[in-house]
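Participant: Here it is: the structure, laid out below.
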Amino acid sequence: MKATIVTIGDEILIGQIVDTNSGYIAKALDKIGVQTHEMLSISDDKNHILDTFASLQDNVDLVIITGGLGPTKDDITKKTFCDYFDDVFVRDQEVEDHIVALFTKLNFNITQVNKDQALLPSKAQVLKNNYGTAAGMWMQKGKTVFVSMPGVPYEMKGIVNEQLIPKIVSEYKRPYIVHKTILTYGQGESIIAERIENWENQLPEFIKLAYLPSPGRVRLRLTARGEKEEVLQKAIQENVESLTNIISDIIVGFDEDETIEVVIGRLLSQQGKTIATAESCSGGKIAQILTSVAGASNYFRGSVVSYATDTKVSVLGVASETIERFSVVSAEVAQEMALGVQKLMRSDYAIATTGNAGPSKGDSDADVGSVFIALATPNEVIVQDFNFGQPREKVIDRTTNKALEILQKEILKMHLA
């Protein structure tokens, strides 16, 4: 079963907003065995919308559209939708009652324009929007079902989860799709591919492997498709176990939600330990990632973004003599930063970064891309140096990922000791 996702809106095409709807919908469809064939973003133009619909009809099973269902004149999707199906608008009383109740609850004045959002194509099956005023619509032409939903993300998500997915499941027979994602840190995809070449070559035909690289980390996603879920689950599990035996040294977790920051948080919680950060070249990004995990307050003590040299001295207690002798980008300064924030925050672990992210050298003569990462543990201080090259964004991302990798490995050592 194939689907195409269409987002409508000039604001997407000019880069004013980022389309997050398509990814969310595709992920929801994938979980129930519906393959997303393509994603399209098109303009708020009637002819463009009609041409797109016509080109997709009978070529995919589902066309899922978001955007253009608001109450203003520039929102033309509903009218165009109605025209494509040679239909007329009728007032849906249930939808209008919902709109009135919503405005009353929020103590907003309601206008006729708002009430007219209850005008829907007569042939449409309504997908109730519990979080807004624009209802979703389900209509079929030829072999293809067209679904139109609002572009506001939280409204779209509500309709997808509460209306669309249950309806698809009830009306279509779909193959099973089973995913398993292995999260690795510290080695690039080419090195990993070489290490697991023999394992990859023996995968059964119904299991596909995808490499999903990003700075410092690679996700290995196994996907199995077939008619018997239990067969797929067993095959995936067996192959994951054999893969783990080959690259256990770089695996930090499994599945999309098992990110390295989640793993770190779980290990710290299990040990009853805490972490703090002192960041220069990474600009607080390590702290941002660690605190993105729910419950991080149980183990994250705090952070100092000591971007300026004098902040390293006055807040973290780095000795001026150390900076003068070794420069601000050095192993010695990184070590004192880690020890300083460990003492300041009274944490068990502390990680510190100092480096030249570029494009200029700043207060150091170290090469652009040079980075020192220090980790203070309850027993010692570990310092490593790197050169992450350019551009600036790459240096920051790689510094952050490498710091998390170092932290995770050292916490795991303590966990296994």
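Lettering and numbering for the structure tokens are positional, with chains as A, B, ... in the shown order, residues counted from 1 in each chain, and ligands counted from 1 in the shown order.
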Quick one: residues within 6 Å of segment 325-341 of chain A, only C-alpha atoms, excluding same-chain residues fewer than 5 positions away - as a ChimeraX atom specification?
Facilitator: /A:316-318,350-352,354-355,364,372,374,376
Participant: Please produce a file of the residues just selected, as a PDB file, in the first residue's frame, where the atoms kept are all heavy atoms.
Facilitator:
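Below is the file result14.pdb, written as the result:
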ATOM      1  N   LEU A 316      34.924  29.523  36.662  1.00  0.00           N
ATOM      2  CA  LEU A 316      35.355  28.133  36.778  1.00  0.00           C
ATOM      3  C   LEU A 316      36.652  27.961  37.554  1.00  0.00           C
ATOM      4  O   LEU A 316      37.023  26.837  37.899  1.00  0.00           O
ATOM      5  CB  LEU A 316      35.505  27.514  35.380  1.00  0.00           C
ATOM      6  CG  LEU A 316      34.214  27.392  34.569  1.00  0.00           C
ATOM      7  CD1 LEU A 316      34.513  26.881  33.172  1.00  0.00           C
ATOM      8  CD2 LEU A 316      33.210  26.483  35.264  1.00  0.00           C
ATOM      9  N   GLY A 317      37.357  29.056  37.788  1.00  0.00           N
ATOM     10  CA  GLY A 317      38.590  28.959  38.570  1.00  0.00           C
ATOM     11  C   GLY A 317      39.792  28.483  37.800  1.00  0.00           C
ATOM     12  O   GLY A 317      40.774  28.009  38.397  1.00  0.00           O
ATOM     13  N   VAL A 318      39.746  28.584  36.473  1.00  0.00           N
ATOM     14  CA  VAL A 318      40.922  28.242  35.675  1.00  0.00           C
ATOM     15  C   VAL A 318      42.025  29.251  35.982  1.00  0.00           C
ATOM     16  O   VAL A 318      41.789  30.466  35.990  1.00  0.00           O
ATOM     17  CB  VAL A 318      40.596  28.245  34.172  1.00  0.00           C
ATOM     18  CG1 VAL A 318      41.858  27.963  33.344  1.00  0.00           C
ATOM     19  CG2 VAL A 318      39.513  27.206  33.861  1.00  0.00           C
ATOM     20  N   ALA A 350      31.777  15.652  35.275  1.00  0.00           N
ATOM     21  CA  ALA A 350      31.743  16.977  34.658  1.00  0.00           C
ATOM     22  C   ALA A 350      32.487  16.911  33.336  1.00  0.00           C
ATOM     23  O   ALA A 350      33.586  16.346  33.263  1.00  0.00           O
ATOM     24  CB  ALA A 350      32.385  18.026  35.556  1.00  0.00           C
ATOM     25  N   ILE A 351      31.889  17.467  32.311  1.00  0.00           N
ATOM     26  CA  ILE A 351      32.524  17.458  31.001  1.00  0.00           C
ATOM     27  C   ILE A 351      32.763  18.889  30.558  1.00  0.00           C
ATOM     28  O   ILE A 351      31.953  19.782  30.808  1.00  0.00           O
ATOM     29  CB  ILE A 351      31.680  16.680  29.975  1.00  0.00           C
ATOM     30  CG1 ILE A 351      32.526  16.299  28.773  1.00  0.00           C
ATOM     31  CG2 ILE A 351      30.419  17.423  29.573  1.00  0.00           C
ATOM     32  CD1 ILE A 351      32.105  15.036  28.097  1.00  0.00           C
ATOM     33  N   ALA A 352      33.924  19.125  29.938  1.00  0.00           N
ATOM     34  CA  ALA A 352      34.295  20.475  29.518  1.00  0.00           C
ATOM     35  C   ALA A 352      34.814  20.454  28.084  1.00  0.00           C
ATOM     36  O   ALA A 352      35.446  19.482  27.652  1.00  0.00           O
ATOM     37  CB  ALA A 352      35.368  21.041  30.446  1.00  0.00           C
ATOM     38  N   THR A 354      36.774  23.054  25.090  1.00  0.00           N
ATOM     39  CA  THR A 354      37.390  24.308  24.676  1.00  0.00           C
ATOM     40  C   THR A 354      38.034  24.080  23.316  1.00  0.00           C
ATOM     41  O   THR A 354      38.629  23.033  23.069  1.00  0.00           O
ATOM     42  CB  THR A 354      38.427  24.815  25.694  1.00  0.00           C
ATOM     43  OG1 THR A 354      38.972  26.051  25.236  1.00  0.00           O
ATOM     44  CG2 THR A 354      39.558  23.822  25.914  1.00  0.00           C
ATOM     45  N   GLY A 355      37.867  25.031  22.431  1.00  0.00           N
ATOM     46  CA  GLY A 355      38.404  24.842  21.080  1.00  0.00           C
ATOM     47  C   GLY A 355      38.165  26.040  20.200  1.00  0.00           C
ATOM     48  O   GLY A 355      37.591  27.046  20.621  1.00  0.00           O
ATOM     49  N   SER A 364      43.147  32.245  20.867  1.00  0.00           N
ATOM     50  CA  SER A 364      44.152  31.181  20.829  1.00  0.00           C
ATOM     51  C   SER A 364      44.789  31.109  19.449  1.00  0.00           C
ATOM     52  O   SER A 364      44.186  31.487  18.443  1.00  0.00           O
ATOM     53  CB  SER A 364      43.506  29.838  21.172  1.00  0.00           C
ATOM     54  OG  SER A 364      44.406  28.770  20.961  1.00  0.00           O
ATOM     55  N   PHE A 372      39.552  20.441  22.547  1.00  0.00           N
ATOM     56  CA  PHE A 372      39.929  19.591  23.674  1.00  0.00           C
ATOM     57  C   PHE A 372      38.673  19.304  24.494  1.00  0.00           C
ATOM     58  O   PHE A 372      37.911  20.221  24.806  1.00  0.00           O
ATOM     59  CB  PHE A 372      40.979  20.274  24.548  1.00  0.00           C
ATOM     60  CG  PHE A 372      42.331  20.374  23.897  1.00  0.00           C
ATOM     61  CD1 PHE A 372      42.629  21.448  23.059  1.00  0.00           C
ATOM     62  CD2 PHE A 372      43.297  19.398  24.102  1.00  0.00           C
ATOM     63  CE1 PHE A 372      43.865  21.543  22.444  1.00  0.00           C
ATOM     64  CE2 PHE A 372      44.540  19.490  23.481  1.00  0.00           C
ATOM     65  CZ  PHE A 372      44.822  20.567  22.654  1.00  0.00           C
ATOM     66  N   ALA A 374      37.434  17.423  28.033  1.00  0.00           N
ATOM     67  CA  ALA A 374      37.856  16.838  29.304  1.00  0.00           C
ATOM     68  C   ALA A 374      36.646  16.284  30.037  1.00  0.00           C
ATOM     69  O   ALA A 374      35.578  16.888  30.042  1.00  0.00           O
ATOM     70  CB  ALA A 374      38.549  17.887  30.165  1.00  0.00           C
ATOM     71  N   ALA A 376      35.786  14.914  33.859  1.00  0.00           N
ATOM     72  CA  ALA A 376      36.142  14.632  35.248  1.00  0.00           C
ATOM     73  C   ALA A 376      35.175  13.586  35.782  1.00  0.00           C
ATOM     74  O   ALA A 376      33.959  13.793  35.782  1.00  0.00           O
ATOM     75  CB  ALA A 376      36.068  15.909  36.077  1.00  0.00           C
TER      76      ALA A 376
END
Participant: Which residues are near segment 384-401 of chain A? Cut-off 6 Å, only C-alpha atoms, ignore same chain within fewer than 6 positions. Put them as JSON, numbers by chain.
Facilitator: {"A": [215, 216, 282, 286, 357, 358, 369, 370, 371, 372, 373]}
Participant: How many Å lie between atom CA of Glu229 of chain A and atom CA of Leu203 of chain A, rounded to one decimal?
Facilitator: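 Computing the Euclidean distance for atom CA of Glu229 of chain A and atom CA of Leu203 of chain A yields 17.3 Å.
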Participant: Please run DSSP on the backbone and report, as JSON, numbers by chain, all residues within segment 235-352 of chain A that come out as helix (DSSP H, G or I).
Facilitator: {"A": [235, 236, 237, 238, 239, 240, 241, 242, 243, 244, 245, 246, 247, 260, 261, 262, 263, 264, 265, 266, 267, 268, 269, 270, 271, 285, 286, 287, 288, 289, 290, 296, 297, 298, 309, 310, 311, 312, 313, 314, 320, 321, 322, 323, 324, 325, 326, 331, 332, 333, 334, 335, 336, 337, 338, 339, 340, 341, 342, 343, 344, 345]}
Participant: Taking the backbone alone, and naming residues the way the document does, which bits of segment 119-290 of chain A are strand (DSSP E) by DSSP, as a ChimeraX atom specification?
Facilitator: /A:119-121,125-127,136-141,144-149,176-185,207-214,217-226,251-254,275-279
Participant: My list of candidates is A:Ala224, A:Ala193, A:Ser55, A:Asn109. Which is closest to Lys31 of chain A when distances are computed with only C-alpha atoms?
Facilitator: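 Residue with the minimum atom-to-atom distance to Lys31 of chain A: A:Ala224.
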Participant: Mind checking which residues fall within 6 Å of Thr274 of chain A, counting only C-alpha atoms, ignoring those fewer than 2 positions away in the same chain, and posting them as a list in words?
Facilitator: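 Residues meeting the cut-off are Tyr299, Phe300, Ser347 and Asp348 of chain A.
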Participant: Mind checking which residues fall within 7 Å of Gly283 of chain A, counting only C-alpha atoms, ignoring those fewer than 2 positions away in the same chain, and posting them as a PDB file with N, CA and C atoms, in the first residue's frame?
Facilitator:
ATOM      1  N   GLU A 279      31.111  24.550  29.040  1.00  0.00           N
ATOM      2  CA  GLU A 279      31.243  24.555  27.579  1.00  0.00           C
ATOM      3  C   GLU A 279      31.752  25.892  27.063  1.00  0.00           C
ATOM      4  N   SER A 280      32.733  25.787  26.189  1.00  0.00           N
ATOM      5  CA  SER A 280      33.205  26.980  25.481  1.00  0.00           C
ATOM      6  C   SER A 280      32.808  26.863  24.024  1.00  0.00           C
ATOM      7  N   CYS A 281      33.558  26.102  23.247  1.00  0.00           N
ATOM      8  CA  CYS A 281      33.294  26.049  21.801  1.00  0.00           C
ATOM      9  C   CYS A 281      31.959  25.395  21.454  1.00  0.00           C
ATOM     10  N   LYS A 285      25.518  23.382  23.895  1.00  0.00           N
ATOM     11  CA  LYS A 285      24.738  22.376  23.165  1.00  0.00           C
ATOM     12  C   LYS A 285      24.703  21.036  23.894  1.00  0.00           C
ATOM     13  N   VAL A 305      28.413  28.152  30.450  1.00  0.00           N
ATOM     14  CA  VAL A 305      28.880  28.389  29.079  1.00  0.00           C
ATOM     15  C   VAL A 305      29.950  29.478  29.181  1.00  0.00           C
ATOM     16  N   TYR A 307      32.206  31.059  27.473  1.00  0.00           N
ATOM     17  CA  TYR A 307      32.686  31.379  26.124  1.00  0.00           C
ATOM     18  C   TYR A 307      33.872  32.340  26.174  1.00  0.00           C
TER      19      TYR A 307
END
Participant: Tell me which of A:Gly70, A:Gly136, A:Pro378, A:Gly302 sits closest to Ala276 of chain A, counting only C-alpha atoms.
Facilitator: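 For Ala276 of chain A, the nearest of the candidates is A:Gly302.
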Participant: Excluding Glu96 of chain A and its own-chain neighbours fewer than 4 positions away, which residues fall within 10 Å of it when counting only C-alpha atoms? Please give them as a VMD selection string.
Facilitator: chain A and resid 91 to 92 100 to 102 114 to 119 133 135
